[in-house]
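Contents: one structure, followed by commentary.
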Amino acid sequence: QTTRPACTYDAANAGTAGGIETYKPSSLLTTWSRAPRGNQADPTQRREAEFQFSVKFSLLQLHGDEWLPLYVAYTQHSFWQVYDTGNSRPFRETNYNPELFIDWGATRLCGSAWGLVWGVAEHVSNGQSDPLSRSLWRTYLLPSYTLHAWRLGAKAIAYYPATLSDNPDLPHTLGHVELLLDYPYVTREQLVQGHDWTLSLLLRRRGPSLCCTVQLDAGFKLRALNAVPGLGWLVRDNVNPGLFLVFHAFSGYGESLIDYDRSVRTVGVGIAFR
């Protein structure tokens, strides 16, 4: 008969306080929309550049074998009308997204396949003045189950009402529940060494209606193109193993805060660093 190992902190695998890591994928895409984006009084072009930068900073505190996987993260997502040469290539929108969260990942819950993320406080805003100002504070719980590097999660979101004075309908439009499917849900070291493709699916319900927001991102490791007959000349052997060719599709609400109350459909292609 075997016994399960005790749940102890593993410093070699968990890292130390103060380490900076990638969080959400940092990416640069060219996207195309079904209709002009922006408000109806000032429609913008259907093609634009979209880039995201995202990092997290470990605030891990140790007390013997007890530990708290506390992180602060920052994500910035910009929408750039770089192809609009007639209007000085303006930035249409930038969303700023700091958050504080605790991540009990699947490998940290005593080797269990279950994981839990508690978003203690998350802020999202676009830094604009009225009437284009968009801002919110929220908290969330994200339980998940991981099997063979596939992670299925359900995210329950609660908004702080006092922060919604400018846009009180944001919770109704963005919703309170998200379903997430990710592959592979592994450490970055495992990703760059043993996985040549990634997949991420988000389903979000909009208010009490049955209308859903869907986002799909598929990535293919650039270095892996060397193994494809006829494509080896496109990529050198020394290309960073964390670079992926990404295909992106979005349909629904909340792609950006400026368009949170408009249905948007976009597709895109570009490069992501994970």
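Following the order of the structure tokens, chains are lettered A, B, ..., residues in each are numbered from 1, and ligands are numbered from 1.
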Those in stretch 106-199 of chain A with alpha helix (DSSP H) from DSSP, as a ChimeraX atom specification:
/A:170-174,188-194
DSSP-assigned strand (DSSP E or B) among stretch 106-167 of chain A, expressed as a ChimeraX atom specification
/A:114-125,135-147,150-159
Please compute the atom CA of A:His123-atom CA of A:Pro69 distance, one decimal, in Å.
19.9 Å
Could you list, with a cut-off of 12 Å and counting only C-alpha atoms, the residues of stretch 130-153 of chain A near stretch 167-171 of chain A, each shown with its nearest atom pair and the distance in Å rounded to one decimal, rows sorted by chain and ascending number, as a Markdown table?
```
| residue | atom | partner | partner_atom | distance |
| --- | --- | --- | --- | --- |
| A:Asp130 | CA | A:Asn167 | CA | 10.5 |
| A:Pro131 | CA | A:Asn167 | CA | 9.9 |
| A:Leu132 | CA | A:Asn167 | CA | 9.9 |
| A:Ser133 | CA | A:Asn167 | CA | 8.4 |
| A:Arg134 | CA | A:Asn167 | CA | 6.7 |
| A:Ser135 | CA | A:Asn167 | CA | 7.6 |
| A:Leu136 | CA | A:Leu170 | CA | 8.0 |
| A:Trp137 | CA | A:Pro171 | CA | 10.4 |
| A:Arg138 | CA | A:Pro171 | CA | 9.6 |
```
Shell of 12 Å around A:Leu201, only C-alpha atoms, local chain residues under 5 positions omitted, as a ChimeraX atom specification:
/A:150-154,178-184,213-219,248-251
Can you list, as a ChimeraX atom specification, every protein, DNA or RNA residue that comes within 6 Å of A:Gly119 when you count only C-alpha atoms, leaving out same-chain residues fewer than 6 positions away?
/A:101,139-140
Might you pull out every residue within 9 Å of stretch 21-30 of chain A, with only C-alpha atoms counted and same-chain residues fewer than 4 positions away left off, and present them as a ChimeraX atom specification?
/A:47-58,73-75,188,246-248,267-274
